[in-house]
Structures are given as C-alpha cells and as structure tokens.
Amino acid sequence: FVKAWFGLVLLVLLFNLTVIPFRIAFMENHNISAKWIGLDYFGDLILIMDTFLRARLLAFYDDGHIVTNQDQIWENYKSSGRMKLHLLSLLPFEISTMLVSTLCPYWKLQVWSLFRLNKLFRVLEIRYFFNLVETSLGQAGVKVPKNQLKVGKLMMLILLSAHIVGCIFFGLANYNQHKNVGVNDRQTNWANDEGLLLSHPRCPGVPVEMNTMMEQYIASLYWSMATLTTVGYGDVSVNLDSLPEVAFATCILVIG
C-alpha cells in the first residue's frame with residue numbers, strides 16, 4: 001500500500017506542477033468548471049491524507065530499528081522540517097476567488113489557479129518521491145537499467161523546467177499585449193511578433209480555443225527548450241523593446 005501511495009502522491013505533484021502554470025498562462029477567458037474543481041480537490045484530498053499518514057502512521061528507522069509509536073512518528077515528522085511545507089501547501093487560498101474572481105487580464109480560471117500556486121511548494125519533494133518509487137520498483141522485482149533511469153530523470157527535469165519557463169515567458173508577452181491595447185507601438189512582445197496574440201484582446205472575452213492554446217504553448221516550449229539546452233536558434237526570440245522579456249531571457253540563459 002505504501003509503495004502505491006508514494007506513486008499516487010507523485011502523480012498529484014506532477015499534475016499540480018504542469019496544470020497550474022498552464023492554466024494561468026494559456027487558458028485565457030475560461031471559467032472555473034466543475035471538472036477543474038473536482039480534479040483540484042481530489043489532488044488536495046490525496047495530499048491531506050498524505051500529511052496525516054506522515055504525521056501519525058508512517059513508521060521510520062532510527063539506528064536500524066523501526067519506530068511505529070505514533071508519538072515518536074509525530075515528533076519525527078515535526079522535526080523533519082516538512083510539516084510547515086505541507087501545511088502551507090494545503091492552505092485553501094483559492095477561496096479568495098469568492099471575493100476577487102477576476103484580475104484582468106486574468107479571468108476566473110486563471111485567478112483560481114493563481115491562488116493555488118502554494119500547492120507548488122511540495123514540488124520540492126518530487127525528487128524524493130522519484131527515489132522512493134524507484135526503490136519500490138526494485139523491491140517489487142522491476143529492474144530498470146541505471147543508465148536509462150538517469151537519462152529518464154534528466155529528461156523529466158528538462159521537460160518540467162522548460163514547461164515552467166515557457167509558461168512564464170508567454171505570460172509576460174500576454175500581459176504586455178493586454179496592458180497596451182490601443183497604444184501605438186507599445187505591444188512589444190515576442191508572441192505578438194510571432195502572430196500568436198490578438199491585437200485587441202478583451203477581458204472578459206471569448207475563451208481561447210484549444211488549437212490556439214496549443215500553438216501558443218508549443219512556441220513557448222520550443223523557445224524554453226532551445227534556451228535551456230543551447231544558446232537558442234533565434235527564430236523565436238525576445239522583443240528587445242520589452243525589458244521584462246530581455247531580463248527574463250537573460251536569467252534563463254545564465255541558468256541554462
């Protein structure tokens with residue numbers, strides 16, 4: 001059960017890491033649907049249960065001896081430093097949307113996702129859960145070659161990093177596009193240069209269609225992958241008149 005549970009928690013963390021930034025950056029003018037609420041709160045329920053299991057039931061080893069006493073488990077959990085991180089990630093900041101449902105150019109689903117960014121604090125544990133799942137697979141007799149496993153982890157890290165960077169990169173462009181509607185020569189951003197944004201976006205307006213979102217996302221991911229893994233190809237590049245884009249791209253080039 002514990003082995004399967006770690007895998008389930010890992011899936012929830014990966015869901016939050018990929019979906020929350022994507023909704024903020026690309027799902028413009030979309031409303032909050034029952035589907036999204038259900039998926040989000042199912043993940044929250046898993047993380048609440050995980051916090052309880054760690055605080056009261058998850059045994060640990062101390063000097064080679066397994067400890068199952070609940071009081072000692074609780075003390076070990078408190079001293080591990082993870083308790084504060086877990087509790088902070090569980091806070092339901094999204095209920096603030098009952099008072100502030102829109103922050104144009106961010107519409108309802110985007111604002112809901114903005115208030116759920118605290119869920120990403122537990123992303124810091126993804127490497128820990130990957131190691132647990134790897135160990136569990138080994139104990140179950142599933143042998144994965146070490147070299148292939150290392151390559152897989154590296155590819156996962158690159159893809160997740162590129163996903164986050166791409167979402168931020170597009171978000172900067174889209175904010176510039178909305179902020180400067182109707183101002184001549186002020187819509188200076190890479191996405192406008194590539195023809196990926198409307199010249200007169202509206203908030204509220206028509207929800208962006210999936211095909212358009214995919215075009216925007218693929219272009220953003222392409223730029224982030226090229227920038228993180230090389231020095232970029234220049235076919236998709238920042239608008240030099242946009243200080244936020246230049247500053248962000250410079251930071252990514254240094255990190256990459």
# chains A, B, ... in the order shown; residues from 1 in each chain; ligands from 1
>>> residues_around(residues="range 132-148 of chain A", least_positions_apart="5", cutoff="9 Å", atoms="only C-alpha atoms", output="MDAnalysis selection string")
chainID A and resid 3:4 6:7 10 127 153
>>> write_last_selection(atoms="N, CA and C atoms", output="PDB file, in the first residue's frame")
ATOM      1  N   LYS A   3       3.908   1.701  -1.027  1.00  0.00           N
ATOM      2  CA  LYS A   3       4.609   1.875  -2.298  1.00  0.00           C
ATOM      3  C   LYS A   3       3.689   2.490  -3.344  1.00  0.00           C
ATOM      4  N   ALA A   4       2.445   1.974  -3.425  1.00  0.00           N
ATOM      5  CA  ALA A   4       1.479   2.524  -4.373  1.00  0.00           C
ATOM      6  C   ALA A   4       1.097   3.955  -3.995  1.00  0.00           C
ATOM      7  N   PHE A   6       2.971   6.269  -2.527  1.00  0.00           N
ATOM      8  CA  PHE A   6       4.013   7.202  -2.951  1.00  0.00           C
ATOM      9  C   PHE A   6       3.866   7.532  -4.436  1.00  0.00           C
ATOM     10  N   GLY A   7       3.539   6.531  -5.237  1.00  0.00           N
ATOM     11  CA  GLY A   7       3.341   6.758  -6.666  1.00  0.00           C
ATOM     12  C   GLY A   7       2.162   7.683  -6.929  1.00  0.00           C
ATOM     13  N   LEU A  10       3.087  11.255  -6.038  1.00  0.00           N
ATOM     14  CA  LEU A  10       3.961  11.776  -7.087  1.00  0.00           C
ATOM     15  C   LEU A  10       3.141  12.255  -8.285  1.00  0.00           C
ATOM     16  N   ARG A 127      11.799  14.957  -6.332  1.00  0.00           N
ATOM     17  CA  ARG A 127      12.981  14.097  -6.415  1.00  0.00           C
ATOM     18  C   ARG A 127      12.934  13.013  -5.348  1.00  0.00           C
ATOM     19  N   LYS A 153      15.394  10.520 -15.782  1.00  0.00           N
ATOM     20  CA  LYS A 153      15.265  11.579 -14.766  1.00  0.00           C
ATOM     21  C   LYS A 153      15.713  12.923 -15.320  1.00  0.00           C
TER      22      LYS A 153
END
>>> select_by_dssp(residues="range 56-99 of chain A", states="alpha helix (DSSP H)", output="list in words")
Gln70, Asp71, Gln72, Ile73, Trp74, Glu75, Asn76, Tyr77, Lys78, Ser79, Arg82, Met83, Lys84, Leu85, His86, Leu87, Leu88, Ser89 and Leu90 of chain A
>>> closest_residue(among="A:Asp50, A:Glu75, A:Glu215, A:Asp241", to="Gly195 in chain A", atoms="only C-alpha atoms")
A:Glu215
>>> residues_around(residues="range 160-166 of chain A", least_positions_apart="5", cutoff="7 Å", atoms="only C-alpha atoms", output="list in words")
Pro21, Ser220, Leu221, Ser224 and Met225 of chain A
>>> residues_around(residues="Val246 in chain A", least_positions_apart="5", cutoff="12 Å", atoms="only C-alpha atoms", output="PyMOL selection string")
chain A and resi 169+172-173+188-190+237-241+251-253
>>> write_last_selection(atoms="N, CA and C atoms", output="tab-separated table (two decimals), in the first residue's frame")
chain	number	residue	atom	x	y	z
A	169	PHE	N	7.25	32.74	-19.82
A	169	PHE	CA	7.65	33.51	-21.00
A	169	PHE	C	6.41	33.99	-21.76
A	172	LEU	N	4.39	36.72	-19.73
A	172	LEU	CA	4.94	38.07	-19.86
A	172	LEU	C	4.46	38.74	-21.14
A	173	ALA	N	4.46	37.99	-22.22
A	173	ALA	CA	4.03	38.54	-23.51
A	173	ALA	C	2.54	38.88	-23.49
A	188	THR	N	4.89	45.44	-27.49
A	188	THR	CA	6.23	44.95	-27.83
A	188	THR	C	6.49	43.65	-27.06
A	189	ASN	N	6.18	42.53	-27.69
A	189	ASN	CA	6.41	41.24	-27.06
A	189	ASN	C	6.61	40.19	-28.14
A	190	TRP	N	7.26	39.11	-27.78
A	190	TRP	CA	7.62	38.09	-28.76
A	190	TRP	C	6.41	37.40	-29.37
A	237	SER	N	12.45	34.66	-30.62
A	237	SER	CA	13.33	35.40	-29.71
A	237	SER	C	12.56	36.52	-29.02
A	238	VAL	N	13.15	37.06	-27.97
A	238	VAL	CA	12.51	38.12	-27.21
A	238	VAL	C	12.43	39.39	-28.07
A	239	ASN	N	11.47	40.24	-27.73
A	239	ASN	CA	11.40	41.56	-28.33
A	239	ASN	C	12.31	42.47	-27.52
A	240	LEU	N	13.32	43.03	-28.15
A	240	LEU	CA	14.32	43.81	-27.44
A	240	LEU	C	13.77	45.10	-26.84
A	241	ASP	N	12.56	45.48	-27.23
A	241	ASP	CA	11.93	46.67	-26.64
A	241	ASP	C	11.16	46.33	-25.38
A	251	CYS	N	18.22	35.84	-17.56
A	251	CYS	CA	18.30	34.94	-16.40
A	251	CYS	C	18.27	33.49	-16.81
A	252	ILE	N	17.39	33.14	-17.75
A	252	ILE	CA	17.28	31.75	-18.20
A	252	ILE	C	18.56	31.31	-18.92
A	253	LEU	N	19.15	32.20	-19.72
A	253	LEU	CA	20.40	31.87	-20.39
A	253	LEU	C	21.51	31.58	-19.39
>>> closest_residue(among="A:Trp112, A:Val2, A:Leu99, A:Ile126", to="Leu58 in chain A", atoms="only C-alpha atoms")
A:Val2
>>> closest_atom_pairs(of="range 59-104 of chain A", to="range 34-43 of chain A", cutoff="12 Å", atoms="only C-alpha atoms", output="tab-separated table")
residue	atom	partner	partner_atom	distance
A:Ser89	CA	A:Gly43	CA	11.7
A:Leu90	CA	A:Gly43	CA	10.5
A:Leu91	CA	A:Tyr41	CA	12.0
A:Pro92	CA	A:Tyr41	CA	9.9
A:Glu94	CA	A:Ile37	CA	10.5
A:Ile95	CA	A:Ile37	CA	11.5
>>> atom_distance(atom1="CA of Leu53 in chain A", atom2="CA of His86 in chain A")
12.0 Å
>>> atom_distance(atom1="CA of Arg82 in chain A", atom2="CA of Gln110 in chain A")
28.3 Å
>>> select_by_dssp(residues="range 31-69 of chain A", states="strand (DSSP E)", output="ChimeraX atom specification")
/A:60-62,65-67
